[in-house]
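The file structure-v7.pdb contains PDB, C-alpha atoms and all ligand atoms:
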```pdb
ATOM      1  CA  ILE A   1     -41.962  12.896 -16.287  1.00  0.00           C
ATOM      2  CA  VAL A   2     -40.969  10.521 -13.486  1.00  0.00           C
ATOM      3  CA  SER A   3     -44.245  10.979 -11.580  1.00  0.00           C
ATOM      4  CA  ARG A   4     -46.181  10.591 -14.832  1.00  0.00           C
ATOM      5  CA  LEU A   5     -44.345   7.357 -15.591  1.00  0.00           C
ATOM      6  CA  ILE A   6     -44.944   6.094 -12.036  1.00  0.00           C
ATOM      7  CA  SER A   7     -48.669   6.801 -12.178  1.00  0.00           C
ATOM      8  CA  LEU A   8     -48.840   5.014 -15.528  1.00  0.00           C
ATOM      9  CA  TYR A   9     -46.836   2.156 -14.062  1.00  0.00           C
ATOM     10  CA  VAL A  10     -49.118   1.975 -10.983  1.00  0.00           C
ATOM     11  CA  SER A  11     -52.330   2.237 -12.969  1.00  0.00           C
ATOM     12  CA  SER A  12     -51.216  -0.573 -15.290  1.00  0.00           C
ATOM     13  CA  PHE A  13     -50.380  -2.728 -12.212  1.00  0.00           C
ATOM     14  CA  CYS A  14     -53.807  -1.832 -10.755  1.00  0.00           C
ATOM     15  CA  SER A  15     -55.642  -2.728 -13.921  1.00  0.00           C
ATOM     16  CA  GLN A  16     -53.803  -6.073 -14.043  1.00  0.00           C
ATOM     17  CA  GLY A  17     -54.726  -6.724 -10.357  1.00  0.00           C
ATOM     18  CA  TYR A  18     -51.202  -6.974  -8.998  1.00  0.00           C
ATOM     19  CA  PHE A  19     -52.168  -5.153  -5.815  1.00  0.00           C
ATOM     20  CA  THR A  20     -54.924  -6.367  -3.525  1.00  0.00           C
ATOM     21  CA  SER A  21     -56.112  -2.859  -2.563  1.00  0.00           C
ATOM     22  CA  CYS A  22     -55.467  -0.736  -5.562  1.00  0.00           C
ATOM     23  CA  GLN A  23     -55.736   2.867  -4.360  1.00  0.00           C
ATOM     24  CA  SER A  24     -53.596   4.141  -7.169  1.00  0.00           C
ATOM     25  CA  GLY A  25     -53.362   7.689  -5.769  1.00  0.00           C
ATOM     26  CA  LYS A  26     -51.766   6.784  -2.380  1.00  0.00           C
ATOM     27  CA  LEU A  27     -49.806   3.907  -3.832  1.00  0.00           C
ATOM     28  CA  GLY A  28     -48.521   6.189  -6.570  1.00  0.00           C
ATOM     29  CA  ILE A  29     -47.184   8.692  -4.015  1.00  0.00           C
ATOM     30  CA  LYS A  30     -45.611   5.891  -1.981  1.00  0.00           C
ATOM     31  CA  LEU A  31     -44.007   4.391  -5.065  1.00  0.00           C
ATOM     32  CA  TYR A  32     -42.919   7.821  -6.219  1.00  0.00           C
ATOM     33  CA  ARG A  33     -41.202   8.378  -2.868  1.00  0.00           C
ATOM     34  CA  LEU A  34     -39.653   4.932  -3.019  1.00  0.00           C
ATOM     35  CA  VAL A  35     -38.292   5.515  -6.517  1.00  0.00           C
ATOM     36  CA  ALA A  36     -37.148   9.022  -5.606  1.00  0.00           C
ATOM     37  CA  VAL A  37     -35.276   7.665  -2.569  1.00  0.00           C
ATOM     38  CA  SER A  38     -33.837   4.839  -4.689  1.00  0.00           C
ATOM     39  CA  PHE A  39     -32.800   7.363  -7.330  1.00  0.00           C
ATOM     40  CA  GLY A  40     -31.140   9.461  -4.632  1.00  0.00           C
ATOM     41  CA  LEU A  41     -29.339   6.436  -3.246  1.00  0.00           C
ATOM     42  CA  LEU A  42     -28.233   5.505  -6.743  1.00  0.00           C
ATOM     43  CA  CYS A  43     -26.783   8.997  -7.216  1.00  0.00           C
ATOM     44  CA  ILE A  44     -24.918   8.736  -3.912  1.00  0.00           C
ATOM     45  CA  LEU A  45     -23.674   5.268  -4.891  1.00  0.00           C
ATOM     46  CA  GLN A  46     -22.461   6.531  -8.252  1.00  0.00           C
ATOM     47  CA  ALA A  47     -20.749   9.513  -6.673  1.00  0.00           C
ATOM     48  CA  THR A  48     -19.062   7.203  -4.158  1.00  0.00           C
ATOM     49  CA  LEU A  49     -18.004   4.901  -6.977  1.00  0.00           C
ATOM     50  CA  ASN A  50     -16.605   7.830  -8.967  1.00  0.00           C
ATOM     51  CA  ILE A  51     -14.628   9.071  -5.993  1.00  0.00           C
ATOM     52  CA  SER A  52     -13.390   5.533  -5.258  1.00  0.00           C
ATOM     53  CA  LEU A  53     -12.321   5.062  -8.873  1.00  0.00           C
ATOM     54  CA  ARG A  54     -10.526   8.391  -8.852  1.00  0.00           C
ATOM     55  CA  LEU A  55      -8.794   7.516  -5.590  1.00  0.00           C
ATOM     56  CA  TRP A  56      -7.843   4.145  -7.032  1.00  0.00           C
ATOM     57  CA  ARG A  57      -6.478   5.812 -10.184  1.00  0.00           C
ATOM     58  CA  TYR A  58      -4.590   8.270  -7.980  1.00  0.00           C
ATOM     59  CA  ALA A  59      -3.214   5.366  -5.926  1.00  0.00           C
ATOM     60  CA  GLU A  60      -2.220   3.581  -9.141  1.00  0.00           C
ATOM     61  CA  VAL A  61      -0.466   6.687 -10.490  1.00  0.00           C
ATOM     62  CA  THR A  62       1.240   7.158  -7.116  1.00  0.00           C
ATOM     63  CA  VAL A  63       2.495   3.541  -7.214  1.00  0.00           C
ATOM     64  CA  VAL A  64       3.777   3.940 -10.800  1.00  0.00           C
ATOM     65  CA  SER A  65       5.588   7.187 -10.015  1.00  0.00           C
ATOM     66  CA  GLN A  66       7.039   5.621  -6.849  1.00  0.00           C
ATOM     67  CA  VAL A  67       8.473   2.779  -8.960  1.00  0.00           C
ATOM     68  CA  LEU A  68       9.966   5.401 -11.281  1.00  0.00           C
ATOM     69  CA  VAL A  69      11.452   7.323  -8.385  1.00  0.00           C
ATOM     70  CA  ASP A  70      12.853   4.090  -6.910  1.00  0.00           C
ATOM     71  CA  THR A  71      14.430   3.203 -10.270  1.00  0.00           C
ATOM     72  CA  ILE A  72      16.088   6.605 -10.475  1.00  0.00           C
ATOM     73  CA  LYS A  73      17.110   6.415  -6.826  1.00  0.00           C
ATOM     74  CA  THR A  74      18.852   3.077  -7.389  1.00  0.00           C
ATOM     75  CA  ARG A  75      21.308   4.917  -9.658  1.00  0.00           C
ATOM     76  CA  TRP A  76      21.780   2.304 -12.375  1.00  0.00           C
ATOM     77  CA  VAL A  77      23.308   3.630 -15.589  1.00  0.00           C
ATOM     78  CA  TYR A  78      23.364   1.843 -18.949  1.00  0.00           C
ATOM     79  CA  PHE A  79      26.445   2.193 -21.163  1.00  0.00           C
ATOM     80  CA  SER A  80      27.646   0.016 -24.044  1.00  0.00           C
ATOM     81  CA  ASP A  81      25.878  -3.289 -23.166  1.00  0.00           C
ATOM     82  CA  ARG A  82      26.826  -2.871 -19.541  1.00  0.00           C
ATOM     83  CA  VAL A  83      25.029  -1.551 -16.531  1.00  0.00           C
ATOM     84  CA  TYR A  84      26.747   0.443 -13.817  1.00  0.00           C
ATOM     85  CA  TYR A  85      25.553   1.249 -10.350  1.00  0.00           C
ATOM     86  CA  ILE A  86      26.884   4.380  -8.687  1.00  0.00           C
ATOM     87  CA  SER A  87      26.471   4.399  -4.922  1.00  0.00           C
ATOM     88  CA  SER A  88      25.030   7.290  -2.987  1.00  0.00           C
ATOM     89  CA  THR A  89      26.691   6.283   0.282  1.00  0.00           C
ATOM     90  CA  LYS A  90      30.244   5.460   1.299  1.00  0.00           C
ATOM     91  CA  LYS A  91      31.616   2.074   2.340  1.00  0.00           C
ATOM     92  CA  THR A  92      34.983   0.347   2.730  1.00  0.00           C
ATOM     93  CA  TRP A  93      36.335  -1.334  -0.401  1.00  0.00           C
ATOM     94  CA  GLN A  94      35.286  -4.822   0.778  1.00  0.00           C
ATOM     95  CA  ASP A  95      31.797  -3.710   1.861  1.00  0.00           C
ATOM     96  CA  SER A  96      31.417  -1.938  -1.463  1.00  0.00           C
ATOM     97  CA  ARG A  97      32.416  -5.095  -3.279  1.00  0.00           C
ATOM     98  CA  ASN A  98      29.982  -7.158  -1.204  1.00  0.00           C
ATOM     99  CA  ASP A  99      27.204  -4.740  -2.134  1.00  0.00           C
ATOM    100  CA  CYS A 100      28.003  -5.181  -5.828  1.00  0.00           C
ATOM    101  CA  LEU A 101      28.087  -8.984  -5.483  1.00  0.00           C
ATOM    102  CA  GLN A 102      24.690  -8.877  -3.750  1.00  0.00           C
ATOM    103  CA  LYS A 103      23.379  -6.997  -6.778  1.00  0.00           C
ATOM    104  CA  GLY A 104      24.673  -9.705  -9.136  1.00  0.00           C
ATOM    105  CA  ALA A 105      27.517  -7.425 -10.236  1.00  0.00           C
ATOM    106  CA  ASP A 106      31.080  -6.662  -9.082  1.00  0.00           C
ATOM    107  CA  LEU A 107      33.196  -3.572  -8.588  1.00  0.00           C
ATOM    108  CA  MET A 108      33.923  -1.942 -11.926  1.00  0.00           C
ATOM    109  CA  ILE A 109      36.801  -3.153 -14.060  1.00  0.00           C
ATOM    110  CA  ILE A 110      38.169  -0.485 -16.381  1.00  0.00           C
ATOM    111  CA  ASN A 111      38.935  -2.472 -19.534  1.00  0.00           C
ATOM    112  CA  SER A 112      39.082   0.399 -21.984  1.00  0.00           C
ATOM    113  CA  LYS A 113      39.680   4.114 -22.121  1.00  0.00           C
ATOM    114  CA  GLU A 114      35.932   4.546 -22.799  1.00  0.00           C
ATOM    115  CA  GLU A 115      35.298   3.238 -19.301  1.00  0.00           C
ATOM    116  CA  GLN A 116      37.781   5.599 -17.709  1.00  0.00           C
ATOM    117  CA  LEU A 117      35.948   7.717 -15.110  1.00  0.00           C
ATOM    118  CA  LYS A 118      36.189  11.056 -13.417  1.00  0.00           C
ATOM    119  CA  ASP A 119      34.632  10.492 -10.029  1.00  0.00           C
ATOM    120  CA  ASN A 120      35.613   9.583  -6.478  1.00  0.00           C
ATOM    121  CA  VAL A 121      34.756   5.886  -6.421  1.00  0.00           C
ATOM    122  CA  TRP A 122      36.212   2.513  -5.562  1.00  0.00           C
ATOM    123  CA  ILE A 123      36.933   0.336  -8.595  1.00  0.00           C
ATOM    124  CA  GLY A 124      37.579  -3.406  -8.654  1.00  0.00           C
ATOM    125  CA  LEU A 125      41.339  -3.098  -8.395  1.00  0.00           C
ATOM    126  CA  THR A 126      43.503  -4.354  -5.512  1.00  0.00           C
ATOM    127  CA  ASP A 127      47.014  -5.478  -4.611  1.00  0.00           C
ATOM    128  CA  ARG A 128      45.990  -7.003  -1.270  1.00  0.00           C
ATOM    129  CA  GLU A 129      47.336 -10.460  -2.187  1.00  0.00           C
ATOM    130  CA  THR A 130      50.821  -9.346  -3.214  1.00  0.00           C
ATOM    131  CA  GLU A 131      51.974  -5.814  -2.570  1.00  0.00           C
ATOM    132  CA  GLY A 132      52.650  -4.096  -5.871  1.00  0.00           C
ATOM    133  CA  THR A 133      50.887  -6.746  -8.007  1.00  0.00           C
ATOM    134  CA  TRP A 134      47.613  -5.144  -9.014  1.00  0.00           C
ATOM    135  CA  LYS A 135      44.731  -7.350 -10.054  1.00  0.00           C
ATOM    136  CA  TRP A 136      41.163  -6.792 -11.083  1.00  0.00           C
ATOM    137  CA  VAL A 137      38.379  -8.471  -9.094  1.00  0.00           C
ATOM    138  CA  ASP A 138      37.927 -11.103 -11.844  1.00  0.00           C
ATOM    139  CA  GLY A 139      41.543 -12.188 -11.291  1.00  0.00           C
ATOM    140  CA  THR A 140      42.992 -10.622 -14.438  1.00  0.00           C
ATOM    141  CA  PRO A 141      46.263  -8.723 -14.007  1.00  0.00           C
ATOM    142  CA  LEU A 142      46.370  -4.981 -14.592  1.00  0.00           C
ATOM    143  CA  THR A 143      47.709  -4.193 -18.048  1.00  0.00           C
ATOM    144  CA  THR A 144      46.541  -0.696 -19.021  1.00  0.00           C
ATOM    145  CA  SER A 145      46.540   1.672 -16.073  1.00  0.00           C
ATOM    146  CA  TYR A 146      45.741   5.317 -15.415  1.00  0.00           C
ATOM    147  CA  TRP A 147      47.620   6.004 -12.163  1.00  0.00           C
ATOM    148  CA  ALA A 148      47.738   9.637 -11.141  1.00  0.00           C
ATOM    149  CA  LYS A 149      51.082  11.352 -10.672  1.00  0.00           C
ATOM    150  CA  ASN A 150      53.074   9.773  -7.782  1.00  0.00           C
ATOM    151  CA  GLU A 151      50.527   6.947  -7.487  1.00  0.00           C
ATOM    152  CA  PRO A 152      50.347   4.163  -6.452  1.00  0.00           C
ATOM    153  CA  SER A 153      51.890   5.644  -3.343  1.00  0.00           C
ATOM    154  CA  LYS A 154      51.766   2.291  -1.475  1.00  0.00           C
ATOM    155  CA  GLY A 155      50.809   3.849   1.882  1.00  0.00           C
ATOM    156  CA  PHE A 156      52.274   5.595   4.867  1.00  0.00           C
ATOM    157  CA  LEU A 157      53.221   4.812   8.502  1.00  0.00           C
ATOM    158  CA  GLY A 158      53.084   1.110   7.750  1.00  0.00           C
ATOM    159  CA  GLN A 159      49.509   1.287   6.465  1.00  0.00           C
ATOM    160  CA  ARG A 160      49.181  -0.314   3.068  1.00  0.00           C
ATOM    161  CA  GLU A 161      47.151   1.337   0.355  1.00  0.00           C
ATOM    162  CA  ASP A 162      45.862  -1.754  -1.377  1.00  0.00           C
ATOM    163  CA  CYS A 163      42.589  -0.692  -2.956  1.00  0.00           C
ATOM    164  CA  GLY A 164      42.084   1.230  -6.155  1.00  0.00           C
ATOM    165  CA  GLU A 165      39.923   4.286  -6.655  1.00  0.00           C
ATOM    166  CA  VAL A 166      39.478   6.797  -9.409  1.00  0.00           C
ATOM    167  CA  MET A 167      39.595  10.427  -8.410  1.00  0.00           C
ATOM    168  CA  LEU A 168      37.508  13.399  -9.389  1.00  0.00           C
ATOM    169  CA  HIS A 169      39.920  15.519 -11.362  1.00  0.00           C
ATOM    170  CA  GLN A 170      40.241  16.327 -14.997  1.00  0.00           C
ATOM    171  CA  MET A 171      43.603  14.631 -15.589  1.00  0.00           C
ATOM    172  CA  LYS A 172      43.461  11.572 -17.827  1.00  0.00           C
ATOM    173  CA  GLU A 173      45.541   9.728 -15.215  1.00  0.00           C
ATOM    174  CA  ASN A 174      43.485   9.801 -12.025  1.00  0.00           C
ATOM    175  CA  TRP A 175      43.799   6.460 -10.256  1.00  0.00           C
ATOM    176  CA  ASN A 176      44.911   6.298  -6.649  1.00  0.00           C
ATOM    177  CA  ASP A 177      45.706   3.475  -4.257  1.00  0.00           C
ATOM    178  CA  LYS A 178      43.934   4.086  -0.962  1.00  0.00           C
ATOM    179  CA  LEU A 179      43.532   2.491   2.477  1.00  0.00           C
ATOM    180  CA  CYS A 180      40.927  -0.237   1.910  1.00  0.00           C
ATOM    181  CA  ASP A 181      39.092   0.552   5.160  1.00  0.00           C
ATOM    182  CA  GLU A 182      38.479   4.174   4.260  1.00  0.00           C
ATOM    183  CA  PRO A 183      34.864   4.817   3.309  1.00  0.00           C
ATOM    184  CA  ASN A 184      34.365   5.798  -0.300  1.00  0.00           C
ATOM    185  CA  PHE A 185      31.652   5.841  -2.935  1.00  0.00           C
ATOM    186  CA  TRP A 186      31.802   2.890  -5.285  1.00  0.00           C
ATOM    187  CA  ILE A 187      30.759   1.786  -8.739  1.00  0.00           C
ATOM    188  CA  CYS A 188      29.510  -1.673  -9.678  1.00  0.00           C
ATOM    189  CA  GLU A 189      29.571  -3.097 -13.184  1.00  0.00           C
ATOM    190  CA  MET A 190      27.153  -5.700 -14.463  1.00  0.00           C
ATOM    191  CA  ASN A 191      27.628  -7.503 -17.738  1.00  0.00           C
ATOM    192  CA  MET A 192      24.338  -7.599 -19.633  1.00  0.00           C
ATOM    193  CA  ILE A 193      25.477 -10.170 -22.214  1.00  0.00           C
ATOM    194  CA  PHE A 194      24.601 -13.640 -20.942  1.00  0.00           C
TER     195      PHE A 194
HETATM  196 CA    CA B   1      34.482  -3.053 -17.590  1.00  0.00          CA
HETATM  197 CA    CA B   2      49.464  -1.642  -2.046  1.00  0.00          CA
HETATM  198 CA    CA B   3      47.703   6.516  -2.857  1.00  0.00          CA
END
```

Output the file's structure in the form of structure tokens.
Amino acid sequence: IVSRLISLYVSSFCSQGYFTSCQSGKLGIKLYRLVAVSFGLLCILQATLNISLRLWRYAEVTVVSQVLVDTIKTRWVYFSDRVYYISSTKKTWQDSRNDCLQKGADLMIINSKEEQLKDNVWIGLTDRETEGTWKWVDGTPLTTSYWAKNEPSKGFLGQREDCGEVMLHQMKENWNDKLCDEPNFWICEMNMIF
């Protein structure tokens, strides 16, 4: 069909005098080759384009899934109009707090029994200012507490335990005062109501 079309095309050009020497036979073969080569090139171009598009789609999907993985990796949890971040590494109480502040949050304040945790993490509770006077990081005094048995133990060998953590055990009362410089996991709390 293609060669038939080309010969028709060439003969019509010849009859209209577009070519100075109109040897339709030779010209037809040349044109046929030219179109065949062009057609081949077009196929290669399309194949390249298809592969490129697929690669681009793959890249796009890879980027999207990477964002998803990053979101999961960042360990943010939503609960009751608040967002909590649970760390995957350990830091001192102050470094943990600094990390929360950098994230626009602060160490978690346990305001209700719904927020009571079972995990080994720093919370935003300290008696660093005045020994025995526990305060939350927002300055509010501690009213409802969940100290574990024999806690707060205040420290040993002159080392003050001034930073609050919750502990990973099934007792309802599981808070512990701990040496602030000991590395621990931590939990940040961000208020989502602005
Ligand atoms: Ca809270
Ligand atoms: Ca203390
Ligand atoms: Ca203790």

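With only C-alpha atoms and all ligand atoms as the atoms that count, the minimum distance from ligand CA 3 (chain B) to the choices A:Thr133, A:Ser153, A:Gln170, A:Thr89 is reached by A:Ser153.
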
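Taken over the whole file, the PyMOL selection byres (((chain A and resi 137) around 7) and not hetatm) covers exactly Gly124, Leu125, Lys135, Trp136, Asp138 and Gly139 of chain A.
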
*Could you write out as a ChimeraX atom specification the residues that the PyMOL selection byres (((not hetatm)) within 6 of (chain B and resi 3)) matches in the shown file?*
/A:151-153,176-178

Could you take the residues named above and write them with C-alpha atoms, as an mmCIF file, keeping the file's coordinate frame?
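Now in result_30.cif:
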```cif
data_model
loop_
_atom_site.group_PDB
_atom_site.id
_atom_site.type_symbol
_atom_site.label_atom_id
_atom_site.label_comp_id
_atom_site.auth_asym_id
_atom_site.auth_seq_id
_atom_site.Cartn_x
_atom_site.Cartn_y
_atom_site.Cartn_z
ATOM 1 C CA GLU A 151 50.527 6.947 -7.487
ATOM 2 C CA PRO A 152 50.347 4.163 -6.452
ATOM 3 C CA SER A 153 51.890 5.644 -3.343
ATOM 4 C CA ASN A 176 44.911 6.298 -6.649
ATOM 5 C CA ASP A 177 45.706 3.475 -4.257
ATOM 6 C CA LYS A 178 43.934 4.086 -0.962
#
```

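Non-sequential neighbours of Leu117 (chain A) (distance at most 9 Å, separation of 5 or more positions within a chain, all atoms listed in the file) are Ile110, Val166, Met167, Leu168, Lys172 and Asn174 of chain A.
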
So which residues get picked by the PyMOL selection byres (((chain A and resi 104) around 12) and not hetatm) here, written as a PDB file with C-alpha atoms, in the coordinates of the input?
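Result file follows (selection.pdb):
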```
ATOM      1  CA  VAL A  83      25.029  -1.551 -16.531  1.00  0.00           C
ATOM      2  CA  TYR A  84      26.747   0.443 -13.817  1.00  0.00           C
ATOM      3  CA  TYR A  85      25.553   1.249 -10.350  1.00  0.00           C
ATOM      4  CA  ARG A  97      32.416  -5.095  -3.279  1.00  0.00           C
ATOM      5  CA  ASN A  98      29.982  -7.158  -1.204  1.00  0.00           C
ATOM      6  CA  ASP A  99      27.204  -4.740  -2.134  1.00  0.00           C
ATOM      7  CA  CYS A 100      28.003  -5.181  -5.828  1.00  0.00           C
ATOM      8  CA  LEU A 101      28.087  -8.984  -5.483  1.00  0.00           C
ATOM      9  CA  GLN A 102      24.690  -8.877  -3.750  1.00  0.00           C
ATOM     10  CA  LYS A 103      23.379  -6.997  -6.778  1.00  0.00           C
ATOM     11  CA  ALA A 105      27.517  -7.425 -10.236  1.00  0.00           C
ATOM     12  CA  ASP A 106      31.080  -6.662  -9.082  1.00  0.00           C
ATOM     13  CA  LEU A 107      33.196  -3.572  -8.588  1.00  0.00           C
ATOM     14  CA  CYS A 188      29.510  -1.673  -9.678  1.00  0.00           C
ATOM     15  CA  GLU A 189      29.571  -3.097 -13.184  1.00  0.00           C
ATOM     16  CA  MET A 190      27.153  -5.700 -14.463  1.00  0.00           C
ATOM     17  CA  ASN A 191      27.628  -7.503 -17.738  1.00  0.00           C
ATOM     18  CA  MET A 192      24.338  -7.599 -19.633  1.00  0.00           C
TER      19      MET A 192
END
```

If the limit is 6 Å from any atom of ligand CA 1 (chain B), counting all atoms listed in the file, which residues qualify? Return them as a PDB file with C-alpha atoms, keeping the file's coordinate frame.
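The result, stored in result32.pdb:
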```pdb
ATOM      1  CA  MET A 108      33.923  -1.942 -11.926  1.00  0.00           C
ATOM      2  CA  ILE A 109      36.801  -3.153 -14.060  1.00  0.00           C
ATOM      3  CA  ILE A 110      38.169  -0.485 -16.381  1.00  0.00           C
ATOM      4  CA  ASN A 111      38.935  -2.472 -19.534  1.00  0.00           C
TER       5      ASN A 111
END
```

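With all atoms listed in the file counted, the chains near ligand CA 2 (chain B) contribute these residues within 10 Å: Thr126, Asp127, Arg128, Glu129, Thr130, Glu131, Gly132, Thr133, Trp134, Pro152, Ser153, Lys154, Gly155, Gln159, Arg160, Glu161, Asp162, Cys163, Gly164, Asp177, Lys178, Leu179 and Cys180 of chain A.
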
Could you pull region 133-189 of chain A out of the structure just shown and give C-alpha atoms as an mmCIF file, in the first residue's frame?
```
data_model
loop_
_atom_site.group_PDB
_atom_site.id
_atom_site.type_symbol
_atom_site.label_atom_id
_atom_site.label_comp_id
_atom_site.auth_asym_id
_atom_site.auth_seq_id
_atom_site.Cartn_x
_atom_site.Cartn_y
_atom_site.Cartn_z
ATOM 1 C CA THR A 133 7.926 20.465 92.702
ATOM 2 C CA TRP A 134 6.934 18.832 89.438
ATOM 3 C CA LYS A 135 5.898 21.011 86.534
ATOM 4 C CA TRP A 136 4.882 20.419 82.968
ATOM 5 C CA VAL A 137 6.876 22.079 80.176
ATOM 6 C CA ASP A 138 4.121 24.700 79.692
ATOM 7 C CA GLY A 139 4.659 25.818 83.301
ATOM 8 C CA THR A 140 1.512 24.256 84.753
ATOM 9 C CA PRO A 141 1.936 22.386 88.042
ATOM 10 C CA LEU A 142 1.361 18.644 88.179
ATOM 11 C CA THR A 143 -2.097 17.858 89.514
ATOM 12 C CA THR A 144 -3.057 14.348 88.373
ATOM 13 C CA SER A 145 -0.103 11.988 88.402
ATOM 14 C CA TYR A 146 0.567 8.339 87.636
ATOM 15 C CA TRP A 147 3.814 7.676 89.532
ATOM 16 C CA ALA A 148 4.846 4.047 89.684
ATOM 17 C CA LYS A 149 5.308 2.363 93.045
ATOM 18 C CA ASN A 150 8.188 3.966 95.033
ATOM 19 C CA GLU A 151 8.484 6.771 92.462
ATOM 20 C CA PRO A 152 9.512 9.556 92.261
ATOM 21 C CA SER A 153 12.620 8.096 93.827
ATOM 22 C CA LYS A 154 14.479 11.453 93.680
ATOM 23 C CA GLY A 155 17.844 9.895 92.747
ATOM 24 C CA PHE A 156 20.829 8.170 94.237
ATOM 25 C CA LEU A 157 24.458 8.971 95.189
ATOM 26 C CA GLY A 158 23.697 12.670 95.018
ATOM 27 C CA GLN A 159 22.424 12.458 91.440
ATOM 28 C CA ARG A 160 19.024 14.048 91.087
ATOM 29 C CA GLU A 161 16.322 12.372 89.062
ATOM 30 C CA ASP A 162 14.586 15.447 87.741
ATOM 31 C CA CYS A 163 13.021 14.353 84.473
ATOM 32 C CA GLY A 164 9.828 12.419 83.974
ATOM 33 C CA GLU A 165 9.343 9.343 81.838
ATOM 34 C CA VAL A 166 6.597 6.820 81.406
ATOM 35 C CA MET A 167 7.606 3.194 81.558
ATOM 36 C CA LEU A 168 6.641 0.202 79.493
ATOM 37 C CA HIS A 169 4.665 -1.903 81.917
ATOM 38 C CA GLN A 170 1.031 -2.717 82.233
ATOM 39 C CA MET A 171 0.424 -0.994 85.579
ATOM 40 C CA LYS A 172 -1.821 2.058 85.402
ATOM 41 C CA GLU A 173 0.779 3.926 87.475
ATOM 42 C CA ASN A 174 3.975 3.844 85.431
ATOM 43 C CA TRP A 175 5.735 7.192 85.721
ATOM 44 C CA ASN A 176 9.338 7.374 86.843
ATOM 45 C CA ASP A 177 11.721 10.210 87.622
ATOM 46 C CA LYS A 178 15.023 9.591 85.865
ATOM 47 C CA LEU A 179 18.458 11.193 85.461
ATOM 48 C CA CYS A 180 17.893 13.897 82.830
ATOM 49 C CA ASP A 181 21.151 13.100 81.013
ATOM 50 C CA GLU A 182 20.262 9.471 80.429
ATOM 51 C CA PRO A 183 19.325 8.794 76.816
ATOM 52 C CA ASN A 184 15.720 7.800 76.314
ATOM 53 C CA PHE A 185 13.094 7.725 73.593
ATOM 54 C CA TRP A 186 10.736 10.671 73.710
ATOM 55 C CA ILE A 187 7.282 11.757 72.647
ATOM 56 C CA CYS A 188 6.338 15.203 71.364
ATOM 57 C CA GLU A 189 2.829 16.619 71.402
#
```
